[in-house]
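Student: Input structure: final.cif, which contains mmCIF, C-alpha atoms.
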data_input
#
loop_
_atom_site.group_PDB
_atom_site.id
_atom_site.type_symbol
_atom_site.label_atom_id
_atom_site.label_comp_id
_atom_site.auth_asym_id
_atom_site.auth_seq_id
_atom_site.Cartn_x
_atom_site.Cartn_y
_atom_site.Cartn_z
ATOM 1 C CA MET T 1 197.440 -123.778 -91.498
ATOM 2 C CA GLU T 2 197.039 -120.081 -90.623
ATOM 3 C CA LYS T 3 194.477 -119.360 -87.943
ATOM 4 C CA SER T 4 191.550 -117.273 -89.226
ATOM 5 C CA LYS T 5 191.186 -113.818 -87.765
ATOM 6 C CA LYS T 6 188.120 -112.828 -85.778
ATOM 7 C CA VAL T 7 186.141 -109.623 -85.403
ATOM 8 C CA LEU T 8 183.627 -108.844 -82.663
ATOM 9 C CA LEU T 9 180.705 -106.611 -83.660
ATOM 10 C CA ILE T 10 178.914 -105.088 -80.664
ATOM 11 C CA ASN T 11 175.548 -103.514 -81.491
ATOM 12 C CA THR T 12 174.467 -101.274 -78.625
ATOM 13 C CA HIS T 13 171.359 -99.812 -80.236
ATOM 14 C CA LEU T 14 168.524 -99.273 -77.772
ATOM 15 C CA THR T 15 165.004 -99.361 -79.213
ATOM 16 C CA TYR T 16 162.541 -96.566 -78.565
ATOM 17 C CA PRO T 17 159.332 -97.578 -80.397
ATOM 18 C CA ASN T 18 158.147 -95.154 -83.083
ATOM 19 C CA TRP T 19 161.338 -93.144 -82.791
ATOM 20 C CA THR T 20 164.493 -95.243 -83.107
ATOM 21 C CA GLU T 21 163.923 -98.835 -84.164
ATOM 22 C CA GLY T 22 167.504 -99.827 -84.984
ATOM 23 C CA THR T 23 167.266 -100.273 -88.753
ATOM 24 C CA LEU T 24 170.205 -97.979 -89.529
ATOM 25 C CA ASN T 25 172.570 -99.443 -86.940
ATOM 26 C CA ASN T 26 171.554 -102.961 -87.973
ATOM 27 C CA SER T 27 172.432 -102.027 -91.555
ATOM 28 C CA PHE T 28 175.931 -100.931 -90.526
ATOM 29 C CA VAL T 29 176.437 -104.159 -88.561
ATOM 30 C CA GLN T 30 175.346 -106.234 -91.554
ATOM 31 C CA LYS T 31 177.628 -104.262 -93.888
ATOM 32 C CA ALA T 32 180.582 -104.881 -91.574
ATOM 33 C CA LYS T 33 179.666 -108.556 -91.226
ATOM 34 C CA ASP T 34 179.511 -109.027 -94.990
ATOM 35 C CA PHE T 35 182.818 -107.210 -95.435
ATOM 36 C CA PHE T 36 184.751 -109.213 -92.855
ATOM 37 C CA GLU T 37 183.304 -112.547 -93.970
ATOM 38 C CA SER T 38 184.399 -111.720 -97.529
ATOM 39 C CA LYS T 39 187.930 -111.249 -96.145
ATOM 40 C CA GLY T 40 187.921 -114.636 -94.398
ATOM 41 C CA PHE T 41 187.260 -113.401 -90.862
ATOM 42 C CA GLU T 42 185.130 -115.249 -88.373
ATOM 43 C CA VAL T 43 182.490 -112.818 -87.128
ATOM 44 C CA LEU T 44 181.420 -112.801 -83.487
ATOM 45 C CA GLU T 45 178.339 -110.742 -82.625
ATOM 46 C CA THR T 46 176.664 -109.261 -79.581
ATOM 47 C CA LYS T 47 173.415 -107.297 -79.588
ATOM 48 C CA VAL T 48 173.459 -105.756 -76.123
ATOM 49 C CA GLU T 49 169.715 -105.163 -76.023
ATOM 50 C CA ASP T 50 169.093 -108.902 -76.440
ATOM 51 C CA GLY T 51 171.126 -109.761 -73.329
ATOM 52 C CA TYR T 52 174.586 -111.203 -72.759
ATOM 53 C CA ASN T 53 176.763 -113.114 -70.312
ATOM 54 C CA PRO T 54 179.688 -110.941 -69.112
ATOM 55 C CA ASP T 55 182.115 -113.875 -68.896
ATOM 56 C CA GLU T 56 181.219 -114.945 -72.435
ATOM 57 C CA GLU T 57 181.750 -111.378 -73.629
ATOM 58 C CA VAL T 58 185.224 -111.369 -72.101
ATOM 59 C CA GLU T 59 185.974 -114.567 -74.002
ATOM 60 C CA LYS T 60 184.778 -112.963 -77.248
ATOM 61 C CA HIS T 61 187.136 -110.043 -76.613
ATOM 62 C CA LEU T 62 190.001 -112.455 -76.015
ATOM 63 C CA GLN T 63 189.280 -114.249 -79.280
ATOM 64 C CA ALA T 64 188.717 -111.180 -81.461
ATOM 65 C CA ASP T 65 191.545 -109.372 -83.240
ATOM 66 C CA ILE T 66 189.243 -106.413 -83.907
ATOM 67 C CA VAL T 67 186.340 -105.051 -81.845
ATOM 68 C CA ILE T 68 183.822 -102.670 -83.432
ATOM 69 C CA LEU T 69 181.177 -100.860 -81.432
ATOM 70 C CA GLN T 70 178.132 -99.937 -83.491
ATOM 71 C CA THR T 71 176.099 -97.303 -81.699
ATOM 72 C CA LEU T 72 173.657 -94.509 -82.107
ATOM 73 C CA VAL T 73 174.653 -91.370 -80.256
ATOM 74 C CA ASN T 74 171.876 -90.709 -77.767
ATOM 75 C CA TRP T 75 172.251 -87.491 -75.744
ATOM 76 C CA PHE T 76 175.922 -87.274 -76.682
ATOM 77 C CA GLY T 77 176.909 -90.807 -75.757
ATOM 78 C CA ALA T 78 176.138 -94.455 -76.315
ATOM 79 C CA PRO T 79 172.843 -95.684 -74.815
ATOM 80 C CA TRP T 80 172.879 -96.470 -71.091
ATOM 81 C CA ILE T 81 172.784 -100.202 -71.765
ATOM 82 C CA TYR T 82 176.323 -99.921 -73.139
ATOM 83 C CA LYS T 83 177.655 -98.398 -69.907
ATOM 84 C CA LYS T 84 176.066 -101.305 -68.043
ATOM 85 C CA TYR T 85 177.686 -103.702 -70.528
ATOM 86 C CA VAL T 86 181.108 -102.079 -70.042
ATOM 87 C CA ASP T 87 180.843 -102.151 -66.253
ATOM 88 C CA GLU T 88 179.891 -105.820 -66.187
ATOM 89 C CA VAL T 89 182.247 -107.067 -68.907
ATOM 90 C CA PHE T 90 185.331 -105.111 -67.860
ATOM 91 C CA ASN T 91 184.747 -105.902 -64.181
ATOM 92 C CA SER T 92 184.681 -109.587 -65.131
ATOM 93 C CA ALA T 93 187.873 -109.119 -67.164
ATOM 94 C CA PHE T 94 189.536 -107.282 -64.282
ATOM 95 C CA ALA T 95 188.612 -110.043 -61.815
ATOM 96 C CA SER T 96 189.993 -112.744 -64.101
ATOM 97 C CA LYS T 97 193.014 -110.630 -65.120
ATOM 98 C CA SER T 98 192.302 -111.584 -68.715
ATOM 99 C CA LEU T 99 192.181 -108.252 -70.588
ATOM 100 C CA LEU T 100 194.305 -106.363 -68.085
ATOM 101 C CA THR T 101 196.270 -106.991 -64.899
ATOM 102 C CA GLY T 102 195.525 -103.649 -63.244
ATOM 103 C CA ASP T 103 196.288 -100.027 -64.000
ATOM 104 C CA GLY T 104 199.967 -100.687 -64.724
ATOM 105 C CA ARG T 105 201.405 -99.502 -61.407
ATOM 106 C CA THR T 106 202.797 -102.112 -59.032
ATOM 107 C CA PRO T 107 204.589 -102.093 -55.670
ATOM 108 C CA GLU T 108 207.730 -103.033 -57.575
ATOM 109 C CA ASN T 109 207.206 -100.278 -60.150
ATOM 110 C CA PRO T 110 205.039 -97.533 -58.617
ATOM 111 C CA SER T 111 206.146 -94.965 -61.197
ATOM 112 C CA ALA T 112 204.791 -96.960 -64.145
ATOM 113 C CA GLN T 113 202.274 -95.027 -66.208
ATOM 114 C CA TYR T 114 198.654 -95.224 -65.150
ATOM 115 C CA GLY T 115 196.798 -97.193 -67.808
ATOM 116 C CA SER T 116 199.733 -99.377 -68.857
ATOM 117 C CA GLY T 117 198.446 -102.668 -67.444
ATOM 118 C CA GLY T 118 196.543 -103.826 -70.525
ATOM 119 C CA LEU T 119 197.160 -107.213 -72.118
ATOM 120 C CA MET T 120 195.426 -106.638 -75.473
ATOM 121 C CA GLN T 121 198.352 -105.186 -77.405
ATOM 122 C CA GLY T 122 198.061 -105.874 -81.127
ATOM 123 C CA LYS T 123 194.257 -105.736 -81.063
ATOM 124 C CA LYS T 124 192.165 -102.910 -82.492
ATOM 125 C CA PHE T 125 189.007 -101.104 -81.376
ATOM 126 C CA MET T 126 186.805 -98.847 -83.496
ATOM 127 C CA ILE T 127 183.500 -97.012 -83.097
ATOM 128 C CA SER T 128 180.926 -96.719 -85.868
ATOM 129 C CA ALA T 129 178.265 -94.197 -84.863
ATOM 130 C CA THR T 130 175.070 -92.625 -86.134
ATOM 131 C CA TRP T 131 174.384 -88.983 -85.239
ATOM 132 C CA ASN T 132 171.693 -86.356 -85.495
ATOM 133 C CA ALA T 133 174.547 -83.795 -85.293
ATOM 134 C CA PRO T 134 176.009 -82.539 -88.603
ATOM 135 C CA ALA T 135 179.691 -83.103 -89.424
ATOM 136 C CA GLU T 136 180.377 -79.362 -89.283
ATOM 137 C CA ALA T 137 179.561 -79.306 -85.559
ATOM 138 C CA PHE T 138 182.976 -80.872 -84.833
ATOM 139 C CA ASP T 139 186.551 -79.552 -84.977
ATOM 140 C CA ASN T 140 185.303 -75.994 -85.318
ATOM 141 C CA PRO T 141 185.918 -73.471 -82.519
ATOM 142 C CA ASN T 142 183.132 -71.279 -83.926
ATOM 143 C CA GLN T 143 180.585 -74.000 -83.178
ATOM 144 C CA LYS T 144 179.163 -73.237 -79.758
ATOM 145 C CA LEU T 145 178.229 -76.719 -78.518
ATOM 146 C CA PHE T 146 181.459 -78.683 -78.954
ATOM 147 C CA ALA T 147 183.711 -75.583 -78.946
ATOM 148 C CA GLY T 148 186.280 -76.994 -81.347
ATOM 149 C CA LYS T 149 186.361 -80.522 -79.944
ATOM 150 C CA GLY T 150 186.511 -83.408 -82.379
ATOM 151 C CA LEU T 151 185.208 -86.946 -82.391
ATOM 152 C CA THR T 152 188.298 -88.264 -80.617
ATOM 153 C CA ASP T 153 187.470 -85.963 -77.695
ATOM 154 C CA ILE T 154 183.765 -86.787 -77.697
ATOM 155 C CA PHE T 155 184.385 -90.552 -77.652
ATOM 156 C CA LEU T 156 187.128 -90.509 -75.015
ATOM 157 C CA HIS T 157 184.818 -91.963 -72.347
ATOM 158 C CA ILE T 158 184.300 -95.027 -74.578
ATOM 159 C CA THR T 159 187.742 -95.514 -76.098
ATOM 160 C CA SER T 160 189.557 -95.140 -72.762
ATOM 161 C CA ASN T 161 188.272 -98.519 -71.555
ATOM 162 C CA TYR T 162 189.900 -100.170 -74.540
ATOM 163 C CA ARG T 163 193.106 -98.136 -74.489
ATOM 164 C CA PHE T 164 193.362 -98.985 -70.780
ATOM 165 C CA SER T 165 193.255 -102.656 -71.808
ATOM 166 C CA GLY T 166 195.968 -102.258 -74.456
ATOM 167 C CA TYR T 167 193.943 -101.879 -77.655
ATOM 168 C CA GLU T 168 194.953 -99.626 -80.516
ATOM 169 C CA ILE T 169 192.167 -97.092 -81.088
ATOM 170 C CA ILE T 170 191.173 -96.684 -84.741
ATOM 171 C CA ASP T 171 189.553 -93.554 -86.210
ATOM 172 C CA SER T 172 185.784 -93.768 -85.886
ATOM 173 C CA TYR T 173 183.321 -93.967 -88.776
ATOM 174 C CA ASN T 174 180.335 -91.672 -88.473
ATOM 175 C CA CYS T 175 176.999 -91.202 -90.176
ATOM 176 C CA PHE T 176 175.882 -87.610 -89.530
ATOM 177 C CA ASP T 177 172.679 -85.607 -89.729
ATOM 178 C CA ILE T 178 170.456 -88.672 -89.963
ATOM 179 C CA TYR T 179 167.192 -86.818 -89.312
ATOM 180 C CA ARG T 180 167.801 -83.946 -91.719
ATOM 181 C CA LEU T 181 170.253 -83.803 -94.596
ATOM 182 C CA GLY T 182 172.423 -86.905 -94.211
ATOM 183 C CA ASP T 183 172.978 -89.388 -97.046
ATOM 184 C CA MET T 184 172.672 -92.595 -95.034
ATOM 185 C CA ALA T 185 172.702 -94.895 -98.078
ATOM 186 C CA LYS T 186 176.007 -93.377 -99.214
ATOM 187 C CA ASP T 187 177.483 -93.673 -95.709
ATOM 188 C CA ILE T 188 176.580 -97.366 -95.571
ATOM 189 C CA GLN T 189 177.989 -97.894 -99.061
ATOM 190 C CA ASN T 190 181.292 -96.201 -98.145
ATOM 191 C CA TYR T 191 181.702 -98.038 -94.832
ATOM 192 C CA PRO T 192 183.707 -100.995 -96.226
ATOM 193 C CA LYS T 193 186.288 -98.579 -97.654
ATOM 194 C CA HIS T 194 186.930 -97.232 -94.147
ATOM 195 C CA LEU T 195 187.198 -100.774 -92.770
ATOM 196 C CA GLU T 196 189.649 -101.700 -95.521
ATOM 197 C CA ASN T 197 191.797 -98.610 -95.035
ATOM 198 C CA TYR T 198 191.975 -98.617 -91.252
ATOM 199 C CA LEU T 199 191.620 -102.217 -90.108
ATOM 200 C CA LEU T 200 193.255 -104.449 -92.720
#
Can you present the structure in this file as structure tokens?
Tutor:
Amino acid sequence: MEKSKKVLLINTHLTYPNWTEGTLNNSFVQKAKDFFESKGFEVLETKVEDGYNPDEEVEKHLQADIVILQTLVNWFGAPWIYKKYVDEVFNSAFASKSLLTGDGRTPENPSAQYGSGGLMQGKKFMISATWNAPAEAFDNPNQKLFAGKGLTDIFLHITSNYRFSGYEIIDSYNCFDIYRLGDMAKDIQNYPKHLENYLL
């Protein structure tokens, strides 16, 4: 009997009462959960704000074929609780040599590429993010803030941890302009199409 695939959904929303309560990010997590369960996946979940055990999170990463980070973009990055999560979980994985064995270089092979020590080949990582920024702020050299940089550039500080561990990085899904002109309902509705096209 074929082993069922698993997906890990990490919700790193951080609540600020009367400003950002988490409803939108929770909706994206639920949409992804419903989609993957309909495809026969076992869904593993972590809500960072509720607490976690780093060793258990490493085990979830080992089990999951796909990891999706659901995050709001808060001052141009994921909330600080996610950096804490990464430091604790990846340090645990490094100590146990479970997700990676090192940076790829060894005394026997000192010229090996930095970042080639990951053990998670064949697994995929994707970001789903909610933004106040409009879509036109990216990939446009005439836009002053990001100066032509795209989402791949902006998310490099997040995706590098996973690429370092051997994951394939999948194009992110983004919900833009959430406080002004964005169509959040449409973005949620279209999310499964992105998951289907890029992850299955």
Student: So what does the PyMOL selection byres ((chain T and resi 173-179) around 7) actually pick up in this one, as a VMD selection string?
Tutor: chain T and resid 127 to 135 171 to 172 180 to 182 184 187
Student: Could you check how far atom CA of T:Thr46 sits from atom CA of T:Leu8, in Å to one decimal?
Tutor: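 Rounded to one decimal, the two atoms are 7.6 Å apart.
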Student: In Å, with one decimal, what is the gap from atom CA of T:Thr23 to atom CA of T:Tyr52?
Tutor: 20.7 Å
Student: Tell me which protein, DNA and RNA residues are within 6 Å of T:Gly166, counting all atoms listed in the file, leaving out same-chain ones fewer than 3 positions away, and put them as a ChimeraX atom specification.
Tutor: /T:118-121,163
Student: Given the PyMOL selection byres ((chain T and resi 60) around 10) and the file above, list the residues it selects as a list in words.
Tutor: Lys6, Val7, Leu8, Leu9, Leu44, Glu45, Thr46, Pro54, Asp55, Glu56, Glu57, Val58, Glu59, His61, Leu62, Gln63, Ala64, Asp65 and Val67 of chain T
Student: On this structure, the PyMOL selection byres ((chain T and resi 14) around 7) would catch which residues? List them as a list in words, sorted by chain and number.
Tutor: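 Applied to this file, the PyMOL selection byres ((chain T and resi 14) around 7) selects Thr12, His13, Thr15, Tyr16, Glu49 and Pro79 of chain T.
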Student: Just to be explicit: take each residue in the selection above, keep C-alpha atoms, and write the result as a CSV table (one decimal), in the frame of the given file.
Tutor:
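Below is the file that was written, selection_10.csv:
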chain,number,residue,atom,x,y,z
T,12,THR,CA,174.5,-101.3,-78.6
T,13,HIS,CA,171.4,-99.8,-80.2
T,15,THR,CA,165.0,-99.4,-79.2
T,16,TYR,CA,162.5,-96.6,-78.6
T,49,GLU,CA,169.7,-105.2,-76.0
T,79,PRO,CA,172.8,-95.7,-74.8
Student: Taking only C-alpha atoms into account, which of T:Lys186, T:Lys31, T:Arg105, T:His194 comes nearest T:Met126?
Tutor: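 Between T:Lys186, T:Lys31, T:Arg105, T:His194, the residue approaching T:Met126 most closely is T:His194.
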Student: Env of T:Gly102: 12 Å cut, atoms = all atoms listed in the file, seq-sep filter 4 positions within chain, self excluded. Answer as a list of chain:residue names.
Tutor: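 Listed by chain and then number, they are T:Phe90, T:Asn91, T:Ala93, T:Phe94, T:Ala95, T:Ser96, T:Lys97, T:Ser98, T:Thr106, T:Pro107, T:Ala112, T:Gln113, T:Tyr114, T:Gly115, T:Ser116, T:Gly117, T:Gly118, T:Leu119, T:Phe164, T:Ser165, T:Gly166.
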Student: Keeping only C-alpha atoms, write the selected residues as a tab-separated table (two decimals), in the frame of the given file.
Tutor:
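Result file follows (part25.tsv):
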chain	number	residue	atom	x	y	z
T	90	PHE	CA	185.33	-105.11	-67.86
T	91	ASN	CA	184.75	-105.90	-64.18
T	93	ALA	CA	187.87	-109.12	-67.16
T	94	PHE	CA	189.54	-107.28	-64.28
T	95	ALA	CA	188.61	-110.04	-61.82
T	96	SER	CA	189.99	-112.74	-64.10
T	97	LYS	CA	193.01	-110.63	-65.12
T	98	SER	CA	192.30	-111.58	-68.72
T	106	THR	CA	202.80	-102.11	-59.03
T	107	PRO	CA	204.59	-102.09	-55.67
T	112	ALA	CA	204.79	-96.96	-64.14
T	113	GLN	CA	202.27	-95.03	-66.21
T	114	TYR	CA	198.65	-95.22	-65.15
T	115	GLY	CA	196.80	-97.19	-67.81
T	116	SER	CA	199.73	-99.38	-68.86
T	117	GLY	CA	198.45	-102.67	-67.44
T	118	GLY	CA	196.54	-103.83	-70.53
T	119	LEU	CA	197.16	-107.21	-72.12
T	164	PHE	CA	193.36	-98.98	-70.78
T	165	SER	CA	193.26	-102.66	-71.81
T	166	GLY	CA	195.97	-102.26	-74.46
Student: Edge lengths and centre, in Å to one decimal, as JSON: that's what I need for the box along x, y and z that holds all listed atoms of stretch 32-43 of chain T plus 4 Å on each side.
Tutor:
{"center_x": 183.7, "center_y": -110.1, "center_z": -92.3, "size_x": 16.4, "size_y": 18.4, "size_z": 18.4}
Student: What does the structure give for the distance between atom CA of T:Ile158 and atom CA of T:Thr20, in Å to one decimal?
Tutor: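 If I compute the distance from atom CA of T:Ile158 to atom CA of T:Thr20, I get 21.6 Å.
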Student: Compare T:Val89, T:Ser4, T:Leu69, T:Gly77 by their minimum atom-to-atom distance to T:Asp153, counting all atoms listed in the file, and give me the closest one.
Tutor: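 So, comparing all the options, the nearest one is T:Gly77.
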Student: Would you list the residues near (175.4, -103.4, -91.8) (no more than 12 Å away, in the coordinates of the file, using all atoms listed in the file) as a ChimeraX atom specification?
Tutor: /T:9-11,22-36,68,70-71,128-129,184-185,187-192
Student: Taking (182.6, -84.2, -82.6) as a centre in this file's frame and 9 Å as the limit, can you find every polymer residue with an atom that close, using only C-alpha atoms, and give them as a compact mmCIF listing (two decimals) with C-alpha atoms, in the coordinates of the input?
Tutor:
# COMPACT_ATOMS: atom_id res chain seq x y z
CA ALA T 133 174.55 -83.80 -85.29
CA ALA T 135 179.69 -83.10 -89.42
CA GLU T 136 180.38 -79.36 -89.28
CA ALA T 137 179.56 -79.31 -85.56
CA PHE T 138 182.98 -80.87 -84.83
CA ASP T 139 186.55 -79.55 -84.98
CA PHE T 146 181.46 -78.68 -78.95
CA GLY T 148 186.28 -76.99 -81.35
CA LYS T 149 186.36 -80.52 -79.94
CA GLY T 150 186.51 -83.41 -82.38
CA LEU T 151 185.21 -86.95 -82.39
CA THR T 152 188.30 -88.26 -80.62
CA ASP T 153 187.47 -85.96 -77.69
CA ILE T 154 183.76 -86.79 -77.70
CA PHE T 155 184.38 -90.55 -77.65
Student: Can you fill out stretch 82-93 of chain T with all heavy atoms and hand it back as a CSV table (one decimal), in the frame of the given file?
Tutor:
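Ended up saving to rebuild_18.csv:
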chain,number,residue,atom,x,y,z
T,82,TYR,N,174.9,-99.7,-72.8
T,82,TYR,CA,176.3,-99.9,-73.1
T,82,TYR,C,177.2,-99.7,-71.9
T,82,TYR,O,178.2,-100.4,-71.7
T,82,TYR,CB,176.8,-99.1,-74.3
T,82,TYR,CG,178.3,-99.4,-74.6
T,82,TYR,CD1,178.7,-100.6,-75.1
T,82,TYR,CD2,179.2,-98.4,-74.5
T,82,TYR,CE1,180.0,-100.9,-75.3
T,82,TYR,CE2,180.6,-98.7,-74.7
T,82,TYR,CZ,180.9,-99.9,-75.2
T,82,TYR,OH,182.3,-100.2,-75.4
T,83,LYS,N,176.9,-98.6,-71.1
T,83,LYS,CA,177.7,-98.4,-69.9
T,83,LYS,C,177.5,-99.6,-69.0
T,83,LYS,O,178.5,-100.0,-68.3
T,83,LYS,CB,177.2,-97.1,-69.2
T,83,LYS,CG,177.9,-96.8,-67.9
T,83,LYS,CD,179.4,-96.6,-68.1
T,83,LYS,CE,180.1,-96.0,-66.9
T,83,LYS,NZ,180.7,-96.9,-66.1
T,84,LYS,N,176.3,-100.1,-68.9
T,84,LYS,CA,176.1,-101.3,-68.0
T,84,LYS,C,176.9,-102.5,-68.6
T,84,LYS,O,177.5,-103.2,-67.8
T,84,LYS,CB,174.6,-101.7,-68.0
T,84,LYS,CG,174.2,-102.9,-67.2
T,84,LYS,CD,172.7,-103.0,-67.2
T,84,LYS,CE,172.3,-104.2,-66.3
T,84,LYS,NZ,172.5,-105.5,-66.9
T,85,TYR,N,176.9,-102.6,-69.9
T,85,TYR,CA,177.7,-103.7,-70.5
T,85,TYR,C,179.2,-103.5,-70.2
T,85,TYR,O,179.8,-104.5,-69.8
T,85,TYR,CB,177.5,-103.6,-72.0
T,85,TYR,CG,178.3,-104.6,-72.9
T,85,TYR,CD1,177.9,-105.8,-73.2
T,85,TYR,CD2,179.6,-104.1,-73.4
T,85,TYR,CE1,178.7,-106.7,-74.0
T,85,TYR,CE2,180.3,-105.0,-74.2
T,85,TYR,CZ,179.9,-106.2,-74.5
T,85,TYR,OH,180.7,-107.1,-75.2
T,86,VAL,N,179.7,-102.3,-70.3
T,86,VAL,CA,181.1,-102.1,-70.0
T,86,VAL,C,181.4,-102.4,-68.6
T,86,VAL,O,182.4,-103.1,-68.3
T,86,VAL,CB,181.5,-100.6,-70.4
T,86,VAL,CG1,182.8,-100.2,-69.7
T,86,VAL,CG2,181.5,-100.4,-71.9
T,87,ASP,N,180.6,-101.9,-67.7
T,87,ASP,CA,180.8,-102.2,-66.3
T,87,ASP,C,180.9,-103.6,-66.0
T,87,ASP,O,181.8,-104.1,-65.2
T,87,ASP,CB,179.8,-101.5,-65.4
T,87,ASP,CG,179.9,-100.0,-65.3
T,87,ASP,OD1,180.9,-99.5,-65.8
T,87,ASP,OD2,179.0,-99.3,-64.8
T,88,GLU,N,180.0,-104.4,-66.5
T,88,GLU,CA,179.9,-105.8,-66.2
T,88,GLU,C,181.0,-106.6,-66.9
T,88,GLU,O,181.6,-107.5,-66.3
T,88,GLU,CB,178.5,-106.4,-66.6
T,88,GLU,CG,177.4,-105.8,-65.7
T,88,GLU,CD,176.0,-106.3,-66.1
T,88,GLU,OE1,175.8,-106.8,-67.2
T,88,GLU,OE2,175.1,-106.1,-65.3
T,89,VAL,N,181.2,-106.3,-68.1
T,89,VAL,CA,182.2,-107.1,-68.9
T,89,VAL,C,183.7,-106.7,-68.4
T,89,VAL,O,184.5,-107.6,-68.2
T,89,VAL,CB,182.1,-106.8,-70.4
T,89,VAL,CG1,183.2,-107.5,-71.2
T,89,VAL,CG2,180.7,-107.3,-70.9
T,90,PHE,N,184.0,-105.5,-68.3
T,90,PHE,CA,185.3,-105.1,-67.9
T,90,PHE,C,185.6,-105.4,-66.4
T,90,PHE,O,186.7,-105.7,-66.0
T,90,PHE,CB,185.6,-103.6,-68.2
T,90,PHE,CG,185.9,-103.4,-69.6
T,90,PHE,CD1,184.9,-103.3,-70.6
T,90,PHE,CD2,187.2,-103.3,-70.1
T,90,PHE,CE1,185.2,-103.1,-71.9
T,90,PHE,CE2,187.5,-103.2,-71.4
T,90,PHE,CZ,186.5,-103.1,-72.3
T,91,ASN,N,184.6,-105.4,-65.6
T,91,ASN,CA,184.7,-105.9,-64.2
T,91,ASN,C,185.1,-107.4,-64.2
T,91,ASN,O,185.9,-107.9,-63.4
T,91,ASN,CB,183.5,-105.6,-63.3
T,91,ASN,CG,183.4,-104.2,-62.9
T,91,ASN,OD1,184.4,-103.4,-63.0
T,91,ASN,ND2,182.2,-103.8,-62.4
T,92,SER,N,184.4,-108.2,-65.0
T,92,SER,CA,184.7,-109.6,-65.1
T,92,SER,C,186.1,-109.8,-65.6
T,92,SER,O,186.8,-110.6,-65.1
T,92,SER,CB,183.7,-110.3,-66.1
T,92,SER,OG,184.1,-111.6,-66.4
T,93,ALA,N,186.5,-109.0,-66.6
T,93,ALA,CA,187.9,-109.1,-67.2
T,93,ALA,C,188.9,-108.7,-66.1
T,93,ALA,O,190.0,-109.3,-66.1
T,93,ALA,CB,188.0,-108.2,-68.4
